[in-house]
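**Q** See protein11.txt below, with compact mmCIF, C-alpha atoms.
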```txt
# COMPACT_ATOMS: atom_id res chain seq x y z
CA MET A 1 104.63 73.97 96.46
CA GLU A 2 104.35 70.38 95.27
CA ALA A 3 104.69 69.10 98.84
CA PHE A 4 102.18 71.62 100.13
CA PHE A 5 99.62 70.22 97.68
CA TRP A 6 99.68 66.94 99.63
CA VAL A 7 99.47 68.79 102.95
CA VAL A 8 96.13 70.16 101.72
CA ALA A 9 94.91 67.33 99.49
CA ILE A 10 95.10 64.66 102.21
CA PRO A 11 92.93 66.57 104.74
CA ALA A 12 90.56 67.41 101.87
CA THR A 13 90.13 63.71 101.04
CA VAL A 14 89.93 62.58 104.68
CA SER A 15 87.28 65.18 105.51
CA ALA A 16 85.33 64.27 102.36
CA VAL A 17 85.29 60.63 103.48
CA GLY A 18 84.29 61.81 106.95
CA VAL A 19 81.29 63.65 105.51
CA VAL A 20 79.76 60.39 104.31
CA MET A 21 80.96 58.25 107.23
CA MET A 22 79.62 60.33 110.14
CA ARG A 23 76.37 59.17 111.65
CA ASP A 24 75.61 62.60 113.04
CA THR A 25 74.56 64.83 110.16
CA VAL A 26 75.74 68.00 111.91
CA TYR A 27 79.26 66.53 112.15
CA SER A 28 79.02 65.73 108.43
CA ALA A 29 78.16 69.36 107.73
CA LEU A 30 81.11 70.61 109.82
CA LEU A 31 83.48 68.22 108.03
CA LEU A 32 82.15 69.55 104.75
CA VAL A 33 83.26 73.03 105.88
CA VAL A 34 86.77 71.62 106.43
CA HIS A 35 86.68 70.04 102.97
CA LEU A 36 85.50 73.23 101.26
CA LEU A 37 88.21 75.29 102.99
CA ALA A 38 90.85 72.76 101.90
CA VAL A 39 89.58 73.01 98.32
CA ALA A 40 89.83 76.81 98.63
CA VAL A 41 93.53 76.39 99.50
CA LEU A 42 93.93 74.14 96.44
CA PHE A 43 92.47 76.95 94.31
CA VAL A 44 95.07 79.31 95.79
CA LEU A 45 97.81 76.82 94.82
CA LEU A 46 96.40 76.88 91.27
CA ASN A 47 96.72 80.68 91.19
CA ALA A 48 92.93 81.04 91.15
CA GLN A 49 92.70 83.46 94.05
CA LEU A 50 89.28 84.87 93.18
CA ILE A 51 87.75 81.41 93.01
CA ALA A 52 89.37 80.59 96.36
CA ALA A 53 87.76 83.65 97.95
CA VAL A 54 84.40 82.84 96.35
CA GLN A 55 84.72 79.26 97.60
CA VAL A 56 85.09 80.55 101.17
CA VAL A 57 82.42 83.26 100.93
CA VAL A 58 79.73 81.37 99.01
CA TYR A 59 80.33 77.68 99.73
CA ALA A 60 81.87 77.57 103.19
CA GLY A 61 79.70 80.51 104.22
CA ALA A 62 76.31 80.74 102.61
CA ILE A 63 75.74 77.23 101.28
CA MET A 64 76.81 75.63 104.57
CA VAL A 65 74.26 77.80 106.38
CA LEU A 66 71.63 76.45 103.99
CA PHE A 67 72.77 72.86 104.59
CA LEU A 68 72.61 73.30 108.36
CA PHE A 69 69.13 74.80 108.09
CA VAL A 70 68.01 71.84 105.99
CA ILE A 71 69.45 69.43 108.57
CA MET A 72 67.70 71.32 111.36
CA MET A 73 64.47 71.66 109.38
CA LEU A 74 64.26 67.95 108.66
CA GLY A 75 65.10 67.30 112.30
CA LEU A 76 67.86 64.82 111.45
CA GLY A 77 69.60 64.11 114.70
CA ARG A 78 72.14 61.44 115.44
CA GLY A 79 71.61 58.91 112.70
CA GLU A 80 67.85 58.82 113.04
CA GLY A 81 65.95 59.07 109.81
CA VAL A 82 68.79 57.33 108.01
CA LYS A 83 67.15 53.95 107.85
CA GLU A 84 68.45 52.00 104.92
CA LYS A 85 65.56 50.77 102.86
CA LEU A 86 67.63 48.82 100.36
CA PRO A 87 69.29 45.88 102.14
CA LEU A 88 71.98 45.30 99.50
CA GLN A 89 72.91 48.98 99.26
CA ARG A 90 76.30 48.72 100.99
CA PRO A 91 77.74 45.65 99.21
CA VAL A 92 76.53 46.88 95.82
CA ALA A 93 78.00 50.32 96.51
CA LEU A 94 81.32 48.70 97.49
CA LEU A 95 81.29 46.54 94.34
CA PHE A 96 80.63 49.39 91.91
CA GLY A 97 82.79 51.86 93.84
CA GLY A 98 85.66 49.35 93.79
CA ALA A 99 85.16 48.72 90.07
CA MET A 100 85.24 52.45 89.42
CA ALA A 101 88.42 52.82 91.50
CA ILE A 102 90.12 49.98 89.57
CA LEU A 103 89.00 51.50 86.27
CA LEU A 104 90.34 54.91 87.21
CA GLY A 105 93.57 53.36 88.50
CA VAL A 106 94.12 51.48 85.23
CA VAL A 107 93.37 54.59 83.15
CA MET A 108 95.71 56.71 85.24
CA SER A 109 98.52 54.17 85.05
CA GLN A 110 98.12 53.81 81.26
CA THR A 111 97.95 57.48 80.39
CA THR A 112 99.97 60.52 81.30
CA ILE A 113 97.95 63.61 82.07
CA GLN A 114 99.25 66.72 80.38
CA PRO A 115 98.31 70.10 81.82
CA VAL A 116 96.30 72.17 79.38
CA ALA A 117 98.00 75.49 78.90
CA GLY A 118 95.64 78.45 79.05
CA ALA A 119 96.02 81.71 77.20
CA LEU A 120 97.75 83.33 80.16
CA THR A 121 100.64 82.19 82.34
CA PRO A 122 100.67 83.13 86.05
CA GLY A 123 103.32 85.71 85.17
CA ASP A 124 101.05 87.28 82.54
CA VAL A 125 98.20 87.48 85.02
CA LEU A 126 100.46 89.18 87.55
CA ALA A 127 101.63 91.66 84.90
CA MET A 128 98.01 92.47 84.07
CA GLY A 129 97.26 93.45 87.66
CA GLY A 130 96.25 90.14 89.23
CA ASN A 131 93.74 87.33 89.07
CA THR A 132 90.65 89.32 90.05
CA GLN A 133 91.45 92.12 87.61
CA VAL A 134 91.87 89.68 84.70
CA VAL A 135 88.62 87.92 85.58
CA GLY A 136 86.89 91.30 85.82
CA ARG A 137 88.15 92.43 82.42
CA LEU A 138 87.08 89.19 80.73
CA LEU A 139 83.73 89.01 82.52
CA PHE A 140 82.69 92.50 81.45
CA SER A 141 83.85 92.16 77.85
CA ASP A 142 84.00 88.67 76.31
CA TYR A 143 81.64 86.98 78.76
CA LEU A 144 79.20 89.84 79.22
CA LEU A 145 76.21 87.90 77.92
CA ALA A 146 76.82 85.02 80.34
CA PHE A 147 77.15 87.55 83.15
CA GLU A 148 73.87 89.27 82.34
CA VAL A 149 72.09 85.93 81.91
CA THR A 150 73.32 85.02 85.43
CA SER A 151 71.20 87.83 86.81
CA ILE A 152 68.12 86.30 85.15
CA LEU A 153 69.09 82.91 86.59
CA LEU A 154 69.37 84.40 90.07
CA LEU A 155 66.03 86.18 89.62
CA VAL A 156 64.38 82.87 88.69
CA ALA A 157 65.97 81.25 91.76
CA ILE A 158 64.69 84.06 94.02
CA ILE A 159 61.13 83.68 92.69
CA GLY A 160 61.40 79.89 92.93
CA ALA A 161 62.54 80.02 96.55
CA VAL A 162 59.71 82.35 97.53
CA VAL A 163 57.06 80.30 95.69
CA LEU A 164 58.26 77.00 97.20
CA ALA A 165 59.01 78.02 100.78
CA LYS A 166 56.45 80.72 101.44
CA ARG A 167 53.30 79.46 103.05
CA ARG A 168 50.95 82.19 101.91
CA LEU A 169 51.79 84.00 98.69
CA MET B 170 101.16 83.96 93.60
CA PRO B 171 100.42 81.31 96.21
CA GLU B 172 103.46 82.42 98.23
CA ASP B 173 101.66 85.69 98.98
CA TYR B 174 99.20 83.73 101.08
CA LEU B 175 101.87 82.72 103.60
CA PRO B 176 100.64 85.26 106.21
CA ILE B 177 97.18 83.66 106.07
CA LEU B 178 98.74 80.23 106.62
CA ILE B 179 100.71 81.55 109.59
CA TYR B 180 97.58 83.22 110.95
CA PHE B 181 95.66 79.94 110.55
CA LEU B 182 98.39 77.97 112.34
CA ILE B 183 98.45 80.51 115.19
CA ALA B 184 94.64 80.32 115.47
CA VAL B 185 94.65 76.51 115.61
CA GLY B 186 97.63 76.53 117.98
CA PHE B 187 95.93 79.04 120.27
CA ALA B 188 92.82 76.88 120.51
CA LEU B 189 94.81 73.69 121.11
CA ALA B 190 97.09 75.39 123.64
CA GLY B 191 94.06 76.69 125.54
CA ILE B 192 92.50 73.25 125.75
CA ALA B 193 95.81 71.60 126.65
CA THR B 194 96.60 74.15 129.37
CA SER B 195 93.14 73.81 130.86
CA HIS B 196 93.46 70.03 130.96
CA LEU B 197 96.97 70.19 132.38
CA LEU B 198 96.03 72.63 135.14
CA SER B 199 92.96 70.63 136.14
CA PHE B 200 95.05 67.45 136.08
CA LEU B 201 97.66 69.02 138.38
CA PHE B 202 95.58 71.03 140.81
CA VAL B 203 91.95 69.96 140.83
CA ARG B 204 90.74 67.40 143.29
CA ARG B 205 88.30 65.20 141.45
CA ARG B 206 85.24 64.56 143.52
CA ALA B 207 81.95 63.58 141.94
CA ALA B 208 79.13 66.01 142.53
CA LYS B 209 75.76 66.23 140.84
CA ASP B 210 75.88 70.00 140.45
CA LYS B 211 79.10 69.78 138.45
CA LEU B 212 77.31 67.95 135.65
CA ILE B 213 74.53 70.44 135.01
CA PRO B 214 75.00 72.72 131.95
CA TYR B 215 74.84 76.01 133.87
CA GLU B 216 75.99 76.43 137.41
CA SER B 217 73.40 79.09 137.99
CA GLY B 218 70.51 80.06 135.77
CA MET B 219 67.75 78.25 133.98
CA LEU B 220 68.01 74.57 133.33
CA PRO B 221 67.72 73.81 129.62
CA GLN B 222 64.36 72.51 128.52
CA GLY B 223 64.23 69.77 125.91
CA PRO B 224 66.96 68.77 123.49
CA ALA B 225 69.12 71.30 121.67
CA ARG B 226 68.38 69.60 118.36
CA ARG B 227 64.90 70.69 117.62
CA ARG B 228 63.29 71.27 114.26
CA PHE B 229 63.79 74.66 112.74
CA HIS B 230 60.96 76.44 111.04
CA VAL B 231 60.91 76.37 107.22
CA GLN B 232 61.04 80.18 107.19
CA PHE B 233 64.71 80.09 108.23
CA TYR B 234 65.33 78.09 105.06
CA LEU B 235 63.75 80.78 102.89
CA VAL B 236 65.95 83.43 104.50
CA ALA B 237 69.03 81.23 103.94
CA VAL B 238 68.22 80.68 100.25
CA LEU B 239 67.63 84.39 99.69
CA PHE B 240 70.90 85.12 101.50
CA ILE B 241 72.83 82.79 99.15
CA LEU B 242 71.30 84.35 96.05
CA PHE B 243 72.14 87.92 97.06
CA ASP B 244 75.56 86.69 98.26
CA ILE B 245 76.26 85.47 94.71
CA GLU B 246 75.22 88.91 93.46
CA ILE B 247 77.83 90.46 95.78
CA VAL B 248 80.51 88.03 94.50
CA PHE B 249 80.14 89.48 91.00
CA LEU B 250 80.73 92.96 92.39
CA PHE B 251 84.33 92.12 93.40
CA PRO B 252 85.80 91.56 89.89
CA TRP B 253 83.78 94.54 88.71
CA ALA B 254 85.02 96.84 91.47
CA VAL B 255 88.73 96.21 90.76
CA VAL B 256 88.44 97.17 87.07
CA PHE B 257 85.65 99.71 87.53
CA ARG B 258 87.73 102.70 86.31
CA GLU B 259 89.00 100.93 83.20
CA LEU B 260 85.51 99.88 82.15
CA GLN B 261 84.31 103.46 82.42
CA ILE B 262 80.65 104.22 81.72
CA LEU B 263 80.08 100.92 79.90
CA GLY B 264 80.94 98.95 83.03
CA LEU B 265 78.49 101.04 85.02
CA ILE B 266 75.71 100.25 82.53
CA GLU B 267 76.60 96.54 82.49
CA MET B 268 76.55 96.28 86.27
CA GLY B 269 73.49 98.53 86.43
CA LEU B 270 71.53 96.07 84.28
CA PHE B 271 72.67 93.17 86.46
CA ILE B 272 71.71 94.94 89.68
CA LEU B 273 68.41 96.10 88.16
CA VAL B 274 67.31 92.53 87.38
CA LEU B 275 68.16 91.43 90.92
CA PHE B 276 66.56 94.56 92.34
CA LEU B 277 63.32 93.42 90.66
CA GLY B 278 63.81 90.19 92.58
CA LEU B 279 64.26 92.11 95.81
CA ILE B 280 61.06 94.10 95.14
CA TYR B 281 59.23 90.82 94.46
CA VAL B 282 60.50 89.32 97.72
CA TRP B 283 59.58 92.46 99.62
CA LYS B 284 56.09 92.77 98.10
CA LYS B 285 55.32 89.11 98.76
CA GLY B 286 56.30 89.68 102.37
CA ALA B 287 58.84 86.86 102.29
CA LEU B 288 61.07 88.80 104.69
CA GLU B 289 58.26 89.13 107.22
CA TRP B 290 57.87 86.58 109.98
CA GLU B 291 54.51 84.83 109.80
```
Would you mind giving the structure from this file in structure tokens?

**A**
Amino acid sequence: MEAFFWVVAIPATVSAVGVVMMRDTVYSALLLVVHLLAVAVLFVLLNAQLIAAVQVVVYAGAIMVLFLFVIMMLGLGRGEGVKEKLPLQRPVALLFGGAMAILLGVVMSQTTIQPVAGALTPGDVLAMGGNTQVVGRLLFSDYLLAFEVTSILLLVAIIGAVVLAKRRL
Amino acid sequence: MPEDYLPILIYFLIAVGFALAGIATSHLLSFLFVRRRAAKDKLIPYESGMLPQGPARRRFHVQFYLVAVLFILFDIEIVFLFPWAVVFRELQILGLIEMGLFILVLFLGLIYVWKKGALEWE
């Protein structure tokens, strides 16, 4: 299991770097699909099967379609439209990115990260019927308010999308 | 348990292997048997049929974007149905009411979209 984490984590990181390195925005979008699928596998390794499925259905499916439509709508082809307006952008980004990496490296070498134990172990979840069942039970009891508020949030998003993107209301 | 997902991993490896094997075989066969001779007709996209007009990367209409956004939002609605469906019997009538409220609010959204004609092509 531990070894398999690296088998997934390395492609996830490489594809994430590829997303920002590619000049062709469509290639970036396709690499983002690879990254999102790799993250879905990481969720499976964490015993979060429902989130993994949602990651594939919503992110790798629906949100990628939206991204591709935005790329097509803006007509971003091979690197056109990506003219850098700030001349010092790259060196400054390298400087601050490097500083952040050093900072994170120091923090990680100085501290040991302890996993936070949740209320349920993977064995408990399995005994209760499985990941999706446990999420379902919690969502429709303890987190009912959040769930119902989500519907309002989605309604607002629907109205917002129509108001913004529709030419004639 | 993550181990239960082994069939999906095997399926994925077979899918990737199938694609790679197809490409490799095609290259190998053409390397072994095809006489390479330059010809103009070999470089056109379709051997017979219409020649493509203009670049493939053209701007999409903003209306596609609206459809994509609405698709995502109703997709998220569907995602909430999965955890509900697996514990539907345990939740009994209360679960039906809870999900009914959720669907009702989004159904209002659907009516709004419909009435505004956002699903129509202008």

**Q** Within 7 Å of chain B, which residues of chain A show up when using only C-alpha atoms, listed as a ChimeraX atom specification?

**A** /A:44-45,47,54,58,62-63,65-66,69-70,72-75,77,132-133,135-137,140,148,151-152,154-155,158,161-162,165-166,169

**Q** Could you check how far CA of His35 (chain A) sits from CA of Ala16 (chain A), in Å to one decimal?

**A**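 For CA of His35 (chain A) relative to CA of Ala16 (chain A), the distance reads 6.0 Å.
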
**Q** Can you measure CA of Ala53 (chain A) to CA of Val156 (chain A) for me? One decimal in Å is fine.

**A**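 One can read the CA of Ala53 (chain A) to CA of Val156 (chain A) distance as 25.2 Å.
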
**Q** Hey, what's within 9 Å of Leu37 (chain A) if we count only C-alpha atoms and toss same-chain stuff fewer than 3 positions away? As a PyMOL selection string, please?

**A** chain A and resi 12+32-34+40-42+52+55-56+59-60

**Q** For the atom pair CA of Tyr27 (chain A) and CA of Met64 (chain A), what is the interatomic distance in Å to one decimal place?

**A**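 So the answer is 12.1 Å.
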
**Q** For Pro122 (chain A), work out the shell of residues within 10 Å, counting only C-alpha atoms and skipping chain neighbours fewer than 6 positions away, then give it as a list in words.

**A** Leu46, Asn47, Ala48, Met128, Gly130 and Asn131 of chain A; Met170 of chain B

**Q** For Ile71 (chain A), which residue out of A:Ser141, A:Thr121, A:Ser28, A:Gln114 is the nearest one, using only C-alpha atoms?

**A**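 Of A:Ser141, A:Thr121, A:Ser28, A:Gln114, the one nearest Ile71 (chain A) is A:Ser28, counting only C-alpha atoms.
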